[in-house]
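The structure file final-v4.tsv is reproduced below (TSV, C-alpha atoms).
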chain	number	residue	atom	x	y	z
A	1	MET	CA	-17.94	-22.77	38.34
A	2	ILE	CA	-21.65	-22.74	37.40
A	3	PHE	CA	-23.26	-20.19	35.04
A	4	ILE	CA	-27.06	-19.93	35.03
A	5	LEU	CA	-28.76	-18.51	31.95
A	6	THR	CA	-31.61	-16.31	33.15
A	7	SER	CA	-33.77	-16.84	30.06
A	8	PHE	CA	-33.44	-20.63	30.03
A	9	SER	CA	-33.47	-23.35	32.64
A	10	TYR	CA	-30.09	-24.82	31.61
A	11	ASN	CA	-27.11	-24.97	33.91
A	12	ILE	CA	-23.70	-24.94	32.23
A	13	ILE	CA	-20.72	-26.33	34.04
A	14	ALA	CA	-17.48	-24.83	32.70
A	15	PRO	CA	-14.52	-27.19	32.38
A	16	LYS	CA	-11.31	-26.58	34.28
A	17	ILE	CA	-9.08	-24.19	32.34
A	18	GLY	CA	-5.52	-25.31	31.63
A	19	THR	CA	-2.69	-24.40	29.27
A	20	VAL	CA	-3.48	-25.37	25.68
A	21	ALA	CA	-1.04	-25.10	22.79
A	22	LEU	CA	-2.30	-22.99	19.89
A	23	PRO	CA	-2.93	-25.20	16.84
A	24	LYS	CA	-0.66	-24.51	13.88
A	25	THR	CA	-3.70	-23.78	11.72
A	26	LEU	CA	-4.57	-20.81	13.91
A	27	LYS	CA	-1.11	-19.28	14.06
A	28	ILE	CA	-0.51	-16.16	11.98
A	29	SER	CA	2.50	-16.68	9.73
A	30	LYS	CA	2.04	-13.74	7.36
A	31	PRO	CA	0.19	-10.42	7.20
A	32	THR	CA	-3.47	-10.59	6.28
A	33	GLU	CA	-5.35	-8.36	3.89
A	34	VAL	CA	-7.64	-5.86	5.59
A	35	LEU	CA	-10.61	-4.27	3.82
A	36	TYR	CA	-11.43	-0.95	5.40
A	37	PRO	CA	-15.11	-0.04	5.89
A	38	LYS	CA	-16.66	2.27	3.32
A	39	TYR	CA	-18.37	4.38	5.94
A	40	LYS	CA	-16.31	5.76	8.78
A	41	THR	CA	-17.67	5.55	12.30
A	42	ALA	CA	-18.53	8.86	13.92
A	43	ILE	CA	-16.39	10.18	16.74
A	44	GLU	CA	-18.53	11.05	19.72
A	45	ASN	CA	-16.23	13.84	20.83
A	46	ASP	CA	-15.50	16.09	17.85
A	47	ASP	CA	-12.47	17.51	19.65
A	48	GLU	CA	-10.78	14.12	19.70
A	49	MET	CA	-8.55	13.25	16.75
A	50	LEU	CA	-7.69	9.66	16.01
A	51	SER	CA	-4.00	9.05	15.45
A	52	VAL	CA	-3.63	5.99	13.25
A	53	ASN	CA	-0.39	4.30	12.35
A	54	PRO	CA	0.06	1.58	9.73
A	55	PRO	CA	0.63	-1.93	11.13
A	56	PHE	CA	4.24	-2.98	11.60
A	57	LEU	CA	4.90	-5.63	8.99
A	58	GLY	CA	8.69	-5.52	8.79
A	59	ASP	CA	10.27	-4.88	5.41
A	60	SER	CA	8.09	-7.20	3.31
A	61	TYR	CA	6.13	-6.35	0.19
A	62	ASN	CA	2.98	-6.12	2.32
A	63	ALA	CA	4.77	-3.65	4.57
A	64	PHE	CA	5.80	-1.60	1.55
A	65	LYS	CA	2.33	-1.39	0.04
A	66	GLU	CA	0.61	-0.66	3.34
A	67	ALA	CA	3.12	2.06	4.25
A	68	LEU	CA	2.71	3.63	0.80
A	69	ALA	CA	-1.08	3.38	1.06
A	70	PHE	CA	-1.01	5.04	4.45
A	71	LYS	CA	0.99	7.93	3.04
A	72	GLU	CA	-1.33	8.24	0.04
A	73	SER	CA	-4.74	7.91	1.70
A	74	GLN	CA	-4.31	6.62	5.26
A	75	GLY	CA	-5.34	3.26	3.81
A	76	ASP	CA	-8.81	4.37	2.71
A	77	TYR	CA	-10.08	2.47	-0.33
A	78	PHE	CA	-13.00	4.82	-0.87
A	79	VAL	CA	-11.43	8.29	-0.78
A	80	THR	CA	-11.05	10.83	-3.60
A	81	ASN	CA	-8.62	13.71	-3.07
A	82	THR	CA	-9.00	17.32	-4.16
A	83	LEU	CA	-7.23	16.63	-7.45
A	84	GLY	CA	-9.43	13.70	-8.41
A	85	TYR	CA	-7.03	10.87	-7.51
A	86	VAL	CA	-8.92	7.91	-6.15
A	87	GLY	CA	-8.66	4.94	-3.84
A	88	LYS	CA	-6.25	3.52	-1.34
A	89	TYR	CA	-3.24	4.15	-3.58
A	90	GLN	CA	-4.52	7.36	-5.18
A	91	PHE	CA	-4.60	6.53	-8.88
A	92	GLY	CA	-5.46	8.99	-11.62
A	93	ALA	CA	-7.91	8.16	-14.41
A	94	GLU	CA	-5.17	8.15	-17.08
A	95	THR	CA	-3.08	5.56	-15.24
A	96	LEU	CA	-6.14	3.41	-14.64
A	97	GLN	CA	-7.03	3.52	-18.33
A	98	LEU	CA	-3.46	2.59	-19.22
A	99	LEU	CA	-3.79	-0.51	-17.05
A	100	GLY	CA	-7.16	-1.50	-18.50
A	101	VAL	CA	-9.58	0.06	-16.00
A	102	THR	CA	-12.11	2.39	-17.63
A	103	ASN	CA	-14.79	2.67	-14.95
A	104	VAL	CA	-13.38	4.83	-12.14
A	105	THR	CA	-16.56	4.58	-10.05
A	106	ALA	CA	-16.47	0.79	-10.12
A	107	PHE	CA	-12.75	0.86	-9.32
A	108	LEU	CA	-13.34	3.07	-6.29
A	109	SER	CA	-15.91	0.66	-4.86
A	110	ASN	CA	-13.80	-2.49	-5.41
A	111	PRO	CA	-10.90	-3.02	-2.95
A	112	ILE	CA	-9.82	-6.29	-4.59
A	113	LEU	CA	-9.48	-4.55	-7.96
A	114	GLN	CA	-7.51	-1.74	-6.34
A	115	GLU	CA	-4.98	-4.22	-4.96
A	116	LYS	CA	-4.63	-5.85	-8.39
A	117	VAL	CA	-4.13	-2.49	-10.07
A	118	PHE	CA	-1.50	-1.47	-7.53
A	119	TYR	CA	0.53	-4.62	-8.15
A	120	THR	CA	0.07	-4.37	-11.91
A	121	ASN	CA	1.28	-0.78	-11.92
A	122	LEU	CA	4.32	-1.74	-9.83
A	123	SER	CA	5.09	-4.50	-12.34
A	124	ARG	CA	4.91	-2.02	-15.18
A	125	ASN	CA	7.10	0.53	-13.42
A	126	LYS	CA	9.61	-2.15	-12.48
A	127	TRP	CA	9.90	-3.16	-16.14
A	128	ILE	CA	10.38	0.42	-17.30
A	129	LEU	CA	12.97	1.09	-14.59
A	130	ARG	CA	14.67	-2.33	-14.59
A	131	ARG	CA	17.98	-1.04	-15.98
A	132	ASP	CA	17.99	1.94	-13.64
A	133	ILE	CA	17.28	-0.29	-10.64
A	134	LYS	CA	20.20	-2.52	-11.60
A	135	ARG	CA	22.47	0.48	-12.21
A	136	PHE	CA	21.64	2.72	-9.26
A	137	ALA	CA	20.30	0.54	-6.40
A	138	GLY	CA	22.91	0.47	-3.64
A	139	ARG	CA	24.50	3.74	-4.72
A	140	LYS	CA	24.13	7.24	-3.33
A	141	ILE	CA	22.90	10.30	-5.17
A	142	ALA	CA	23.32	13.65	-3.45
A	143	GLY	CA	23.72	11.82	-0.15
A	144	LEU	CA	20.55	9.78	-0.66
A	145	GLU	CA	20.82	5.99	-0.59
A	146	ILE	CA	19.06	4.56	-3.62
A	147	THR	CA	17.05	1.36	-3.16
A	148	GLU	CA	14.71	-0.61	-5.39
A	149	SER	CA	11.69	0.04	-3.16
A	150	GLY	CA	12.51	3.75	-3.03
A	151	ILE	CA	12.67	3.88	-6.82
A	152	LEU	CA	9.30	2.12	-7.18
A	153	ALA	CA	7.66	4.34	-4.57
A	154	ALA	CA	8.95	7.45	-6.33
A	155	ALA	CA	7.61	6.09	-9.64
A	156	HIS	CA	4.20	5.68	-8.03
A	157	LEU	CA	4.35	9.33	-7.02
A	158	ALA	CA	5.84	10.97	-10.09
A	159	GLY	CA	5.84	8.37	-12.86
A	160	PRO	CA	8.75	6.20	-14.05
A	161	GLY	CA	9.88	8.77	-16.62
A	162	ASN	CA	10.57	11.41	-14.00
A	163	VAL	CA	12.39	8.87	-11.83
A	164	LYS	CA	14.63	7.96	-14.78
A	165	LYS	CA	15.46	11.65	-15.22
A	166	PHE	CA	16.18	12.05	-11.51
A	167	LEU	CA	18.56	9.10	-11.40
A	168	ARG	CA	20.35	9.82	-14.67
A	169	SER	CA	20.78	13.52	-13.82
A	170	ARG	CA	22.28	12.51	-10.46
A	171	GLY	CA	19.46	14.25	-8.66
A	172	THR	CA	19.46	17.59	-10.47
A	173	HIS	CA	16.11	16.86	-12.14
A	174	THR	CA	13.40	16.35	-9.55
A	175	VAL	CA	9.67	16.96	-9.28
A	176	GLN	CA	7.06	17.09	-6.55
A	177	ASP	CA	3.30	16.71	-6.49
A	178	ALA	CA	0.75	19.40	-5.74
A	179	TYR	CA	0.95	18.61	-2.02
A	180	GLY	CA	4.71	19.04	-1.84
A	181	SER	CA	5.84	15.38	-1.79
A	182	SER	CA	8.98	14.95	-3.90
A	183	ILE	CA	10.87	12.11	-5.55
A	184	VAL	CA	13.65	12.55	-2.98
A	185	TYR	CA	11.19	12.32	-0.09
A	186	TYR	CA	9.55	9.15	-1.39
A	187	MET	CA	12.90	7.52	-2.13
A	188	LYS	CA	13.98	8.30	1.42
A	189	ILE	CA	10.93	7.19	3.42
A	190	PHE	CA	10.26	4.06	1.35
A	191	ALA	CA	13.85	2.84	1.16
A	192	GLY	CA	14.88	-0.66	2.16
A	193	TYR	CA	11.72	-2.70	1.64
A	194	ASP	CA	11.90	-6.12	0.00
A	195	VAL	CA	9.92	-5.81	-3.22
A	196	SER	CA	11.42	-8.85	-4.92
A	197	ALA	CA	7.90	-10.35	-4.98
A	198	VAL	CA	7.01	-7.82	-7.68
A	199	LYS	CA	7.81	-9.21	-11.12
A	200	ALA	CA	8.74	-6.82	-13.92
A	201	VAL	CA	6.17	-7.12	-16.72
A	202	ARG	CA	6.11	-5.25	-19.99
A	203	ASN	CA	2.76	-3.53	-20.66
A	204	PRO	CA	0.70	-5.47	-18.09
A	205	ARG	CA	-3.06	-4.99	-18.02
A	206	ILE	CA	-5.89	-6.00	-15.72

Rewrite the coordinates I just gave you, this time as structure tokens.
Amino acid sequence: MIFILTSFSYNIIAPKIGTVALPKTLKISKPTEVLYPKYKTAIENDDEMLSVNPPFLGDSYNAFKEALAFKESQGDYFVTNTLGYVGKYQFGAETLQLLGVTNVTAFLSNPILQEKVFYTNLSRNKWILRRDIKRFAGRKIAGLEITESGILAAAHLAGPGNVKKFLRSRGTHTVQDAYGSSIVYYMKIFAGYDVSAVKAVRNPRI
């Protein structure tokens, strides 16, 4: 087959196409990090609503963090909610300061920093809740199966102290955020992920 470029006088003869094995270097063996654009593209038809689902990544740590991010902000690094929580994982200024981040504006514009802060906060919560994870993971409280990933997700929502109270009260002490998401709900929808990649660290900082 011959292709003729109209703006040049070159003729290009395409080679015969056959079956070629994909090189190992090009194969995808693990999920890749995705940085979402700061500015959203406009929808031509205002009546159309985009329905976006998080990528299926199995039960890995990446799957856990992306599912949690989608629940928090639909994966938007650059969003601030009505209560002032910021970024892909919706952190408050007090938590950021606790982890060593004092410039919220810089944090909001830095996706790499946001990922580091998310992991660092998980490490901190895992340390605080390490005994509770060992004691309660695999058990049921009020019909709810308790898992390590569910505990860590609930701690992201309500803080590790409230999760301790929930577990040790056998579910009688529970809280929810201003939008109605509760510890029970987060423990349920984020149950069963493999978060063994998260190492428990006492007082970690960025």

**OP:** Take atom CA of Arg130 of chain A and atom CA of Ile183 of chain A and report the distance between them in Å, one decimal.
**Re:** 17.5 Å

**OP:** Considering only C-alpha atoms, state which residue in the set A:Ser196, A:Ser123, A:Ser109, A:Asn81 is at the smallest distance from Ala178 of chain A.
**Re:**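 Using only C-alpha atoms, the shortest distance to Ala178 of chain A belongs to A:Asn81.
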
Original post:
Could you name the residues that touch Tyr61 of chain A at 7 Å or less, counting all atoms listed in the file, but leaving out those on the same chain fewer than 5 positions away, as a ChimeraX atom specification?
Top reply: /A:193-195,197

**OP:** Find the distance between atom CA of Arg170 of chain A and atom CA of Ile141 of chain A and write it in Å to one decimal.
**Re:**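 Interatomic distance, atom CA of Arg170 of chain A to atom CA of Ile141 of chain A: 5.8 Å.
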
Subject >> Close residues, Ser182 of chain A itself excluded, 12 Å, all atoms listed in the file, min 2 positions apart in chain, as a PyMOL selection string >> reply: chain A and resi 150+153-159+162-163+166+171+173-180+184-189

Subject >> Spatial neighbours of segment 98-103 of chain A, 7 Å, all atoms listed in the file, chain gap at least 6 places, as a list of chain:residue names >> reply: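 In the requested format, the answer is A:Pro204, A:Arg205, A:Ile206.
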
Original post:
Given the choices A:Ile146, A:Leu108, A:Ala137, A:Leu167, which gets closest to Val79 of chain A if the distance is worked out from only C-alpha atoms?
Top reply: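 That would be A:Leu108, the residue with the smallest distance to Val79 of chain A.
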
**OP:** Rank A:Glu115, A:Glu72, A:Asp59, A:Glu94 by their smallest atom-to-atom distance to Ser149 of chain A, using only C-alpha atoms, and report the top residue only.
**Re:**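 Selected residue with least distance to Ser149 of chain A: A:Asp59.
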
**OP:** Excluding Phe91 of chain A and any residue of its chain fewer than 4 positions from it, enumerate the residues within 10 Å of it, using only C-alpha atoms, and give them as a ChimeraX atom specification.
**Re:** /A:72,80,84-87,95-96,104,107-108,114,117-118,121,156-157

Original post:
Distance atom CA of Leu129 of chain A-atom CA of Lys164 of chain A, one decimal place?
Top reply: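 The value is 7.1 Å.
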
Taking the partial coordinates given, rebuild segment 155-166 of chain A to contain all heavy atoms; return it as an mmCIF file, keeping the file's coordinate frame.
data_model
loop_
_atom_site.group_PDB
_atom_site.id
_atom_site.type_symbol
_atom_site.label_atom_id
_atom_site.label_comp_id
_atom_site.auth_asym_id
_atom_site.auth_seq_id
_atom_site.Cartn_x
_atom_site.Cartn_y
_atom_site.Cartn_z
ATOM 1 N N ALA A 155 8.307 6.241 -8.358
ATOM 2 C CA ALA A 155 7.610 6.090 -9.640
ATOM 3 C C ALA A 155 6.105 6.121 -9.442
ATOM 4 O O ALA A 155 5.371 6.622 -10.302
ATOM 5 C CB ALA A 155 8.035 4.778 -10.301
ATOM 6 N N HIS A 156 5.635 5.601 -8.330
ATOM 7 C CA HIS A 156 4.200 5.680 -8.030
ATOM 8 C C HIS A 156 3.779 7.132 -7.844
ATOM 9 O O HIS A 156 2.699 7.527 -8.265
ATOM 10 C CB HIS A 156 3.895 4.882 -6.754
ATOM 11 C CG HIS A 156 2.443 4.850 -6.397
ATOM 12 N ND1 HIS A 156 1.550 3.961 -6.969
ATOM 13 C CD2 HIS A 156 1.706 5.610 -5.542
ATOM 14 C CE1 HIS A 156 0.340 4.175 -6.475
ATOM 15 N NE2 HIS A 156 0.405 5.174 -5.608
ATOM 16 N N LEU A 157 4.653 7.919 -7.251
ATOM 17 C CA LEU A 157 4.350 9.330 -7.020
ATOM 18 C C LEU A 157 4.418 10.154 -8.297
ATOM 19 O O LEU A 157 3.491 10.911 -8.614
ATOM 20 C CB LEU A 157 5.336 9.908 -5.994
ATOM 21 C CG LEU A 157 5.269 11.429 -5.784
ATOM 22 C CD1 LEU A 157 4.057 11.777 -4.931
ATOM 23 C CD2 LEU A 157 6.553 11.946 -5.143
ATOM 24 N N ALA A 158 5.535 10.026 -9.019
ATOM 25 C CA ALA A 158 5.840 10.970 -10.090
ATOM 26 C C ALA A 158 5.897 10.347 -11.479
ATOM 27 O O ALA A 158 6.102 11.061 -12.461
ATOM 28 C CB ALA A 158 7.169 11.660 -9.793
ATOM 29 N N GLY A 159 5.727 9.034 -11.567
ATOM 30 C CA GLY A 159 5.840 8.370 -12.860
ATOM 31 C C GLY A 159 7.256 7.886 -13.115
ATOM 32 O O GLY A 159 8.225 8.532 -12.691
ATOM 33 N N PRO A 160 7.409 6.763 -13.815
ATOM 34 C CA PRO A 160 8.750 6.200 -14.050
ATOM 35 C C PRO A 160 9.645 7.098 -14.892
ATOM 36 O O PRO A 160 10.869 7.098 -14.712
ATOM 37 C CB PRO A 160 8.453 4.875 -14.769
ATOM 38 C CG PRO A 160 7.084 5.056 -15.355
ATOM 39 C CD PRO A 160 6.344 5.933 -14.396
ATOM 40 N N GLY A 161 9.068 7.881 -15.792
ATOM 41 C CA GLY A 161 9.880 8.770 -16.620
ATOM 42 C C GLY A 161 10.614 9.805 -15.798
ATOM 43 O O GLY A 161 11.809 10.073 -16.020
ATOM 44 N N ASN A 162 9.931 10.406 -14.847
ATOM 45 C CA ASN A 162 10.570 11.410 -14.000
ATOM 46 C C ASN A 162 11.614 10.789 -13.078
ATOM 47 O O ASN A 162 12.623 11.429 -12.749
ATOM 48 C CB ASN A 162 9.508 12.137 -13.165
ATOM 49 C CG ASN A 162 8.779 13.196 -13.965
ATOM 50 O OD1 ASN A 162 9.378 13.964 -14.717
ATOM 51 N ND2 ASN A 162 7.458 13.241 -13.817
ATOM 52 N N VAL A 163 11.398 9.552 -12.655
ATOM 53 C CA VAL A 163 12.390 8.870 -11.830
ATOM 54 C C VAL A 163 13.641 8.575 -12.644
ATOM 55 O O VAL A 163 14.766 8.731 -12.149
ATOM 56 C CB VAL A 163 11.802 7.582 -11.222
ATOM 57 C CG1 VAL A 163 12.874 6.808 -10.459
ATOM 58 C CG2 VAL A 163 10.644 7.922 -10.287
ATOM 59 N N LYS A 164 13.475 8.152 -13.894
ATOM 60 C CA LYS A 164 14.630 7.960 -14.780
ATOM 61 C C LYS A 164 15.459 9.250 -14.868
ATOM 62 O O LYS A 164 16.688 9.231 -14.751
ATOM 63 C CB LYS A 164 14.156 7.583 -16.190
ATOM 64 C CG LYS A 164 13.878 6.115 -16.423
ATOM 65 C CD LYS A 164 13.417 5.930 -17.857
ATOM 66 C CE LYS A 164 13.115 4.488 -18.172
ATOM 67 N NZ LYS A 164 14.342 3.721 -18.433
ATOM 68 N N LYS A 165 14.773 10.375 -15.090
ATOM 69 C CA LYS A 165 15.460 11.650 -15.220
ATOM 70 C C LYS A 165 16.190 12.026 -13.937
ATOM 71 O O LYS A 165 17.308 12.546 -13.977
ATOM 72 C CB LYS A 165 14.468 12.744 -15.609
ATOM 73 C CG LYS A 165 13.900 12.596 -17.009
ATOM 74 C CD LYS A 165 12.841 13.663 -17.301
ATOM 75 C CE LYS A 165 12.239 13.489 -18.680
ATOM 76 N NZ LYS A 165 11.175 14.499 -18.956
ATOM 77 N N PHE A 166 15.553 11.750 -12.801
ATOM 78 C CA PHE A 166 16.180 12.050 -11.510
ATOM 79 C C PHE A 166 17.470 11.251 -11.343
ATOM 80 O O PHE A 166 18.517 11.807 -10.984
ATOM 81 C CB PHE A 166 15.216 11.724 -10.368
ATOM 82 C CG PHE A 166 15.841 11.816 -9.011
ATOM 83 C CD1 PHE A 166 15.936 13.033 -8.354
ATOM 84 C CD2 PHE A 166 16.346 10.683 -8.382
ATOM 85 C CE1 PHE A 166 16.525 13.123 -7.099
ATOM 86 C CE2 PHE A 166 16.926 10.756 -7.135
ATOM 87 C CZ PHE A 166 17.022 11.980 -6.488
#
